[in-house]
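S.K.: I am sharing start-v3.cif, which consists of mmCIF, C-alpha atoms:
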```cif
data_protein
loop_
_atom_site.label_atom_id
_atom_site.label_comp_id
_atom_site.auth_asym_id
_atom_site.auth_seq_id
_atom_site.Cartn_x
_atom_site.Cartn_y
_atom_site.Cartn_z
CA MET A 1 -9.72 56.56 152.38
CA THR A 2 -13.48 56.12 152.56
CA SER A 3 -15.30 58.87 154.43
CA HIS A 4 -18.42 58.24 156.46
CA PRO A 5 -21.21 60.67 157.27
CA ILE A 6 -21.45 61.99 160.81
CA LEU A 7 -24.61 60.46 162.25
CA PRO A 8 -26.26 61.23 165.62
CA VAL A 9 -25.73 57.70 166.99
CA PRO A 10 -23.07 56.41 169.39
CA TRP A 11 -19.71 55.38 167.96
CA LEU A 12 -18.08 52.58 169.95
CA ALA A 13 -14.40 51.65 169.87
CA ALA A 14 -13.55 48.87 167.44
CA ASP A 15 -12.48 46.58 170.31
CA ASP A 16 -15.41 47.38 172.61
CA GLU A 17 -17.16 44.21 173.83
CA THR A 18 -18.83 45.50 176.98
CA THR A 19 -20.49 48.91 176.47
CA PRO A 20 -24.22 48.18 176.14
CA LEU A 21 -25.80 49.13 172.83
CA PRO A 22 -28.50 51.83 173.10
CA HIS A 23 -32.13 50.88 173.53
CA PRO A 24 -33.82 50.19 170.17
CA ALA A 25 -36.32 53.02 170.81
CA THR A 26 -33.44 55.49 170.26
CA ALA A 27 -32.75 54.25 166.72
CA LEU A 28 -32.86 56.68 163.82
CA THR A 29 -35.82 56.87 161.49
CA ASP A 30 -33.53 57.74 158.57
CA PRO A 31 -31.83 55.42 157.90
CA ASN A 32 -34.56 53.33 159.49
CA GLY A 33 -33.30 51.55 162.58
CA LEU A 34 -29.65 52.59 162.71
CA LEU A 35 -28.70 52.45 166.37
CA ALA A 36 -24.93 52.46 166.83
CA ILE A 37 -21.62 52.18 164.99
CA GLY A 38 -18.50 50.23 165.89
CA ALA A 39 -17.74 47.64 168.58
CA THR A 40 -16.93 43.99 167.83
CA LEU A 41 -18.69 40.94 166.47
CA SER A 42 -17.66 38.79 169.41
CA PRO A 43 -20.06 36.04 170.52
CA ARG A 44 -20.75 37.97 173.73
CA ARG A 45 -21.64 41.13 171.81
CA LEU A 46 -23.76 39.35 169.22
CA GLU A 47 -25.76 37.34 171.76
CA ALA A 48 -26.53 40.46 173.81
CA ALA A 49 -27.54 42.35 170.68
CA TYR A 50 -29.95 39.70 169.41
CA ARG A 51 -31.57 39.27 172.82
CA ALA A 52 -32.20 43.04 172.77
CA GLY A 53 -33.70 43.05 169.25
CA ILE A 54 -30.59 44.40 167.52
CA PHE A 55 -28.58 42.94 164.64
CA PRO A 56 -25.44 43.92 162.67
CA TRP A 57 -25.63 44.80 158.98
CA PHE A 58 -22.88 46.55 157.07
CA SER A 59 -20.93 46.33 153.84
CA GLU A 60 -17.28 45.64 153.25
CA HIS A 61 -15.01 48.58 154.14
CA GLU A 62 -17.69 50.01 156.47
CA PRO A 63 -17.56 50.01 160.27
CA ILE A 64 -19.96 47.63 162.02
CA LEU A 65 -23.48 49.09 161.95
CA TRP A 66 -26.15 48.00 164.45
CA TRP A 67 -29.86 48.10 163.57
CA SER A 68 -33.33 47.75 165.07
CA PRO A 69 -35.79 48.81 162.34
CA ASP A 70 -39.41 49.84 162.79
CA PRO A 71 -41.53 47.99 161.72
CA ARG A 72 -40.05 44.51 162.07
CA ALA A 73 -40.96 41.52 159.90
CA VAL A 74 -41.69 38.28 161.78
CA LEU A 75 -43.09 34.91 160.77
CA VAL A 76 -44.96 32.74 163.26
CA PRO A 77 -43.89 29.18 162.35
CA THR A 78 -47.43 27.79 162.33
CA GLN A 79 -48.51 30.57 159.94
CA PHE A 80 -46.14 29.74 157.08
CA LYS A 81 -48.08 30.06 153.79
CA ALA A 82 -47.58 27.48 151.05
CA SER A 83 -49.33 27.87 147.71
CA ARG A 84 -50.98 24.85 146.10
CA ARG A 85 -48.17 24.58 143.55
CA PHE A 86 -45.50 24.82 146.24
CA ARG A 87 -47.25 22.13 148.30
CA GLN A 88 -46.89 19.87 145.29
CA THR A 89 -43.17 20.68 145.22
CA LEU A 90 -42.86 19.74 148.90
CA ARG A 91 -44.71 16.46 148.34
CA LYS A 92 -42.29 15.35 145.60
CA HIS A 93 -39.54 14.69 148.16
CA ASP A 94 -36.92 14.64 145.41
CA TYR A 95 -34.63 16.43 147.87
CA SER A 96 -33.30 15.83 151.37
CA ILE A 97 -33.13 18.15 154.37
CA THR A 98 -30.47 18.43 157.07
CA LEU A 99 -29.73 20.73 159.97
CA ASP A 100 -26.28 21.97 160.98
CA THR A 101 -24.33 19.74 158.61
CA ALA A 102 -22.89 22.45 156.33
CA PHE A 103 -23.12 25.75 158.21
CA SER A 104 -20.02 27.36 156.67
CA ALA A 105 -21.02 26.23 153.18
CA VAL A 106 -24.48 27.77 153.62
CA MET A 107 -22.99 31.07 154.77
CA HIS A 108 -20.55 31.07 151.88
CA ALA A 109 -23.38 30.41 149.42
CA CYS A 110 -25.46 33.21 150.93
CA ALA A 111 -22.48 35.55 150.51
CA ALA A 112 -22.05 34.78 146.80
CA PRO A 113 -22.74 37.65 144.34
CA ARG A 114 -26.35 37.94 143.18
CA THR A 115 -27.91 39.50 140.12
CA GLY A 116 -28.37 43.23 140.64
CA GLN A 117 -26.22 43.33 143.78
CA PRO A 118 -22.68 44.68 143.38
CA GLY A 119 -21.38 43.19 146.64
CA THR A 120 -22.32 41.37 149.80
CA TRP A 121 -22.89 42.33 153.43
CA ILE A 122 -21.84 38.82 154.51
CA THR A 123 -18.18 39.74 154.71
CA GLU A 124 -15.35 37.45 155.79
CA GLU A 125 -15.56 39.14 159.20
CA MET A 126 -19.25 38.28 159.45
CA GLN A 127 -18.66 34.69 158.35
CA ALA A 128 -15.97 34.20 160.96
CA ALA A 129 -18.19 35.69 163.68
CA TYR A 130 -21.19 33.47 162.90
CA ASP A 131 -18.96 30.43 162.56
CA GLN A 132 -18.01 31.11 166.18
CA LEU A 133 -21.67 31.32 167.17
CA HIS A 134 -22.28 28.03 165.36
CA THR A 135 -19.43 26.38 167.25
CA LEU A 136 -21.06 27.59 170.48
CA GLY A 137 -24.40 26.08 169.41
CA LEU A 138 -26.19 29.42 168.98
CA ALA A 139 -26.21 29.72 165.18
CA HIS A 140 -27.75 27.11 162.92
CA SER A 141 -28.27 26.22 159.28
CA ILE A 142 -30.81 24.22 157.34
CA GLU A 143 -29.66 22.63 154.12
CA VAL A 144 -31.51 21.37 151.04
CA TRP A 145 -29.74 18.65 149.04
CA LYS A 146 -30.44 17.05 145.67
CA ASN A 147 -28.24 14.35 144.18
CA ARG A 148 -25.81 15.03 147.04
CA GLN A 149 -25.46 18.67 145.93
CA LEU A 150 -26.28 21.61 148.19
CA ILE A 151 -29.00 23.47 146.30
CA GLY A 152 -30.41 25.79 148.95
CA GLY A 153 -30.55 26.75 152.59
CA LEU A 154 -30.58 29.45 155.19
CA TYR A 155 -28.89 30.28 158.49
CA GLY A 156 -29.62 32.30 161.60
CA VAL A 157 -29.30 32.61 165.36
CA SER A 158 -31.46 30.83 167.93
CA LEU A 159 -32.04 32.30 171.40
CA GLY A 160 -34.92 31.35 173.66
CA GLY A 161 -38.06 30.86 171.58
CA ALA A 162 -36.89 33.12 168.75
CA PHE A 163 -35.00 32.26 165.60
CA PHE A 164 -33.30 35.26 163.98
CA GLY A 165 -33.04 34.57 160.26
CA GLU A 166 -30.01 36.09 158.56
CA SER A 167 -29.87 35.01 154.92
CA MET A 168 -30.95 32.32 152.46
CA PHE A 169 -29.89 31.12 149.02
CA SER A 170 -31.18 29.00 146.13
CA ARG A 171 -29.28 27.24 143.39
CA GLN A 172 -32.46 25.68 142.04
CA PRO A 173 -36.04 27.04 141.94
CA ASN A 174 -37.83 27.00 145.31
CA ALA A 175 -34.82 25.60 147.20
CA SER A 176 -34.69 28.40 149.78
CA LYS A 177 -38.49 28.25 150.13
CA ILE A 178 -38.21 24.52 150.86
CA ALA A 179 -35.64 25.32 153.54
CA MET A 180 -37.97 27.92 155.05
CA ALA A 181 -40.93 25.51 155.10
CA TRP A 182 -38.96 22.79 156.85
CA LEU A 183 -37.41 25.24 159.30
CA CYS A 184 -40.85 26.59 160.21
CA GLY A 185 -42.10 23.03 160.66
CA GLN A 186 -39.24 22.23 163.02
CA LEU A 187 -39.57 25.50 164.93
CA ALA A 188 -43.29 24.84 165.35
CA ALA A 189 -42.53 21.37 166.72
CA TRP A 190 -40.21 22.99 169.27
CA ASP A 191 -42.81 25.66 170.17
CA PHE A 192 -40.76 28.59 168.94
CA ALA A 193 -42.65 31.88 169.16
CA PHE A 194 -41.44 33.40 165.88
CA LEU A 195 -38.85 33.62 163.17
CA ASP A 196 -37.42 37.15 162.92
CA CYS A 197 -37.20 38.16 159.26
CA GLN A 198 -35.81 41.63 160.09
CA MET A 199 -36.87 43.72 157.09
CA PRO A 200 -40.13 43.02 155.20
CA THR A 201 -39.94 42.04 151.53
CA PRO A 202 -42.75 41.02 149.18
CA HIS A 203 -41.32 37.49 149.10
CA LEU A 204 -41.32 37.12 152.90
CA LEU A 205 -44.78 38.62 153.21
CA SER A 206 -46.06 36.13 150.63
CA LEU A 207 -44.79 33.32 152.87
CA GLY A 208 -46.78 34.56 155.86
CA ALA A 209 -44.47 37.10 157.47
CA LYS A 210 -46.14 40.16 158.98
CA CYS A 211 -44.94 43.55 160.12
CA LEU A 212 -44.92 44.45 163.80
CA PRO A 213 -44.31 47.91 165.26
CA ARG A 214 -40.93 47.81 166.97
CA ALA A 215 -42.48 48.16 170.44
CA GLN A 216 -44.69 45.13 169.82
CA PHE A 217 -41.76 43.16 168.41
CA LEU A 218 -39.72 43.91 171.53
CA ASP A 219 -42.60 42.70 173.67
CA TRP A 220 -42.78 39.45 171.68
CA LEU A 221 -39.01 39.13 171.96
CA ALA A 222 -38.97 39.61 175.73
CA LYS A 223 -41.59 36.87 176.14
CA SER A 224 -39.70 34.54 173.81
CA GLN A 225 -36.55 34.88 175.90
CA ARG A 226 -38.33 33.23 178.83
CA GLN A 227 -38.27 29.99 176.86
CA PRO A 228 -35.20 27.73 177.12
CA ASP A 229 -32.38 28.05 174.61
CA HIS A 230 -31.92 25.25 172.06
CA ILE A 231 -28.13 25.16 172.28
CA GLY A 232 -25.99 22.65 170.44
CA ARG A 233 -26.11 20.91 167.10
CA TRP A 234 -29.66 20.65 165.77
CA GLN A 235 -31.24 17.54 164.29
CA LEU A 236 -34.62 17.18 162.61
CA SER A 237 -37.34 15.69 164.78
CA ILE A 238 -39.99 15.89 162.05
CA THR A 239 -40.42 13.65 159.01
CA ALA A 240 -42.34 16.19 156.92
CA SER A 241 -42.49 19.97 156.92
CA GLY A 242 -46.18 19.95 157.83
CA TYR A 243 -47.12 22.25 154.94
CA GLU A 244 -47.60 19.62 152.23
#
```
Would it be possible to restate this file's structure as structure tokens?
M.R.:
Amino acid sequence: MTSHPILPVPWLAADDETTPLPHPATALTDPNGLLAIGATLSPRRLEAAYRAGIFPWFSEHEPILWWSPDPRAVLVPTQFKASRRFRQTLRKHDYSITLDTAFSAVMHACAAPRTGQPGTWITEEMQAAYDQLHTLGLAHSIEVWKNRQLIGGLYGVSLGGAFFGESMFSRQPNASKIAMAWLCGQLAAWDFAFLDCQMPTPHLLSLGAKCLPRAQFLDWLAKSQRQPDHIGRWQLSITASGYE
């Protein structure tokens, strides 16, 4: 039996769908952002968590862990950065882009083992939960195709004027970056406030993401939730990413 450390955060029953998660300001600093343990991954729970600036992240054989890190990485869609070389890649158009045509396949690809990573946090439980959100029109995917093969993509949750990115994958160079560019172009066309990247990485920062103190992120989030939800199956309304 796997033992877990005793942490000074609330533990919720495994079937709890209704007890509110704590306010993000009460999250631990070590590990950064851990807020609560337990509960379910029901659509009701997940929607409430994202609207409050909280997301689940845990490994297989662990209880569900809820996080709200400080700082928070966000990308304003109109501020996506494309290098000169990458702009050339976008202009080739030797690929095609779709939205919401292969959500489960994108999640499965994101969950595949990666070099230097012994496992995945996108467990079967997580995949089933986000498939439910997709069915409800709250979770979405963007796919990159070449010769009718899925070569890259990403998925996340959309609520109000915020898109909460979860994971991305590439089977060919730059494929996930192409997906990000087109997603940002579409989000900009729909006047989305930001794309939540959760934790900063050098790669995300190179694409234009920036770090916000948690309090500022929560302020941005609250304002974004005044915008209407884009519920349902998404379709592209743009003919180019806008970053060529």
S.K.: Running the PyMOL selection byres ((chain A and resi 70-72) around 6) on this model by hand, what would come out? Give it as a list in words.
M.R.: Pro69, Ala73, Gln198, Met199, Cys211, Leu212, Pro213 and Arg214 of chain A
S.K.: Which residues, written as an NGL selection string, have at least one atom at most 7 Å from A:Val144, with all atoms listed in the file counted and residues fewer than 6 positions away on the same chain left out?
M.R.: :A and (95-98 or 150-153 or 175 or 179)
S.K.: Could you pull the residues within 10 Å of stretch 62-65 of chain A, counting all atoms listed in the file, minus those fewer than 3 positions along the same chain, as a VMD selection string?
M.R.: chain A and resid 2 to 4 11 to 12 14 34 to 41 55 to 59 121 125 to 126
S.K.: Counting all atoms listed in the file, which of A:Cys184, A:Leu221, A:Cys110, A:Ile122 gets nearest to A:Ser170?
M.R.: A:Cys110
S.K.: Measuring atom to atom with only C-alpha atoms, identify which of A:His61, A:His93, A:Arg44, A:Lys81 is nearest to A:Lys210.
M.R.: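 Under the stated criterion, the closest residue is A:Lys81.
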S.K.: Pick out the closest residue to A:Gln127 from this set: A:His108, A:His230, A:Arg45, A:Arg87. Count all atoms listed in the file.
M.R.: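 When distances to A:Gln127 are compared using all atoms listed in the file, the smallest one comes from A:His108.
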S.K.: Find the residue from A:Leu75, A:Leu138, A:Ala52, A:Ala102 that sits nearest to A:Leu204; use only C-alpha atoms when measuring.
M.R.: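 Closest to A:Leu204, using only C-alpha atoms: A:Leu75.
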S.K.: Between A:Met168, A:Ile231, A:Ala82, A:Leu205, single out the one closest to A:Leu136, counting only C-alpha atoms.
M.R.: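 Closest residue, counting only C-alpha atoms: A:Ile231.
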S.K.: Do you know which residues the PyMOL selection byres ((chain A and resi 159) around 9) returns on this file, as a ChimeraX atom specification?
M.R.: /A:47,50-51,138-139,157-158,160-164,224-225,227-231
S.K.: Return the single residue from A:Pro77, A:Gly156, A:Gly165, A:Gly137 that is closest to A:Trp182, with distances computed using all atoms listed in the file.
M.R.: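 Going through A:Pro77, A:Gly156, A:Gly165, A:Gly137 one by one, the smallest distance to A:Trp182 is for A:Pro77.
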S.K.: Excluding same-chain residues fewer than 3 positions from stretch 83-85 of chain A, what lies within 12 Å of it counting all atoms listed in the file, as a ChimeraX atom specification?
M.R.: /A:80,88-92,174,177,181,206-208,243-244
S.K.: Between atom CA of A:Phe103 and atom CA of A:Gln186, measure the distance and give it in Å to one decimal.
M.R.: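 The value is 17.2 Å.
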S.K.: Contacts of A:Val76 at 7 Å or less, counting all atoms listed in the file, minus same-chain residues fewer than 5 places along, as a VMD selection string?
M.R.: chain A and resid 193 to 195
S.K.: Atom CA of A:Leu46 and atom CA of A:Pro24, how far apart in Å?
M.R.: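 Spanning atom CA of A:Pro24 to atom CA of A:Leu46 is a straight-line distance of 14.8 Å.
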S.K.: Fewer than 3 positions away in the same chain doesn't count, so skip those; otherwise give me all residues within 7 Å of A:Gly33, counting only C-alpha atoms, as a list in words.
M.R.: Ala27, Leu28, Thr29, Trp67, Ser68, Pro69 and Asp70 of chain A
S.K.: For the atom pair atom CA of A:Phe169 and atom CA of A:Leu99, what is the interatomic distance in Å to one decimal place?
M.R.: 15.1 Å
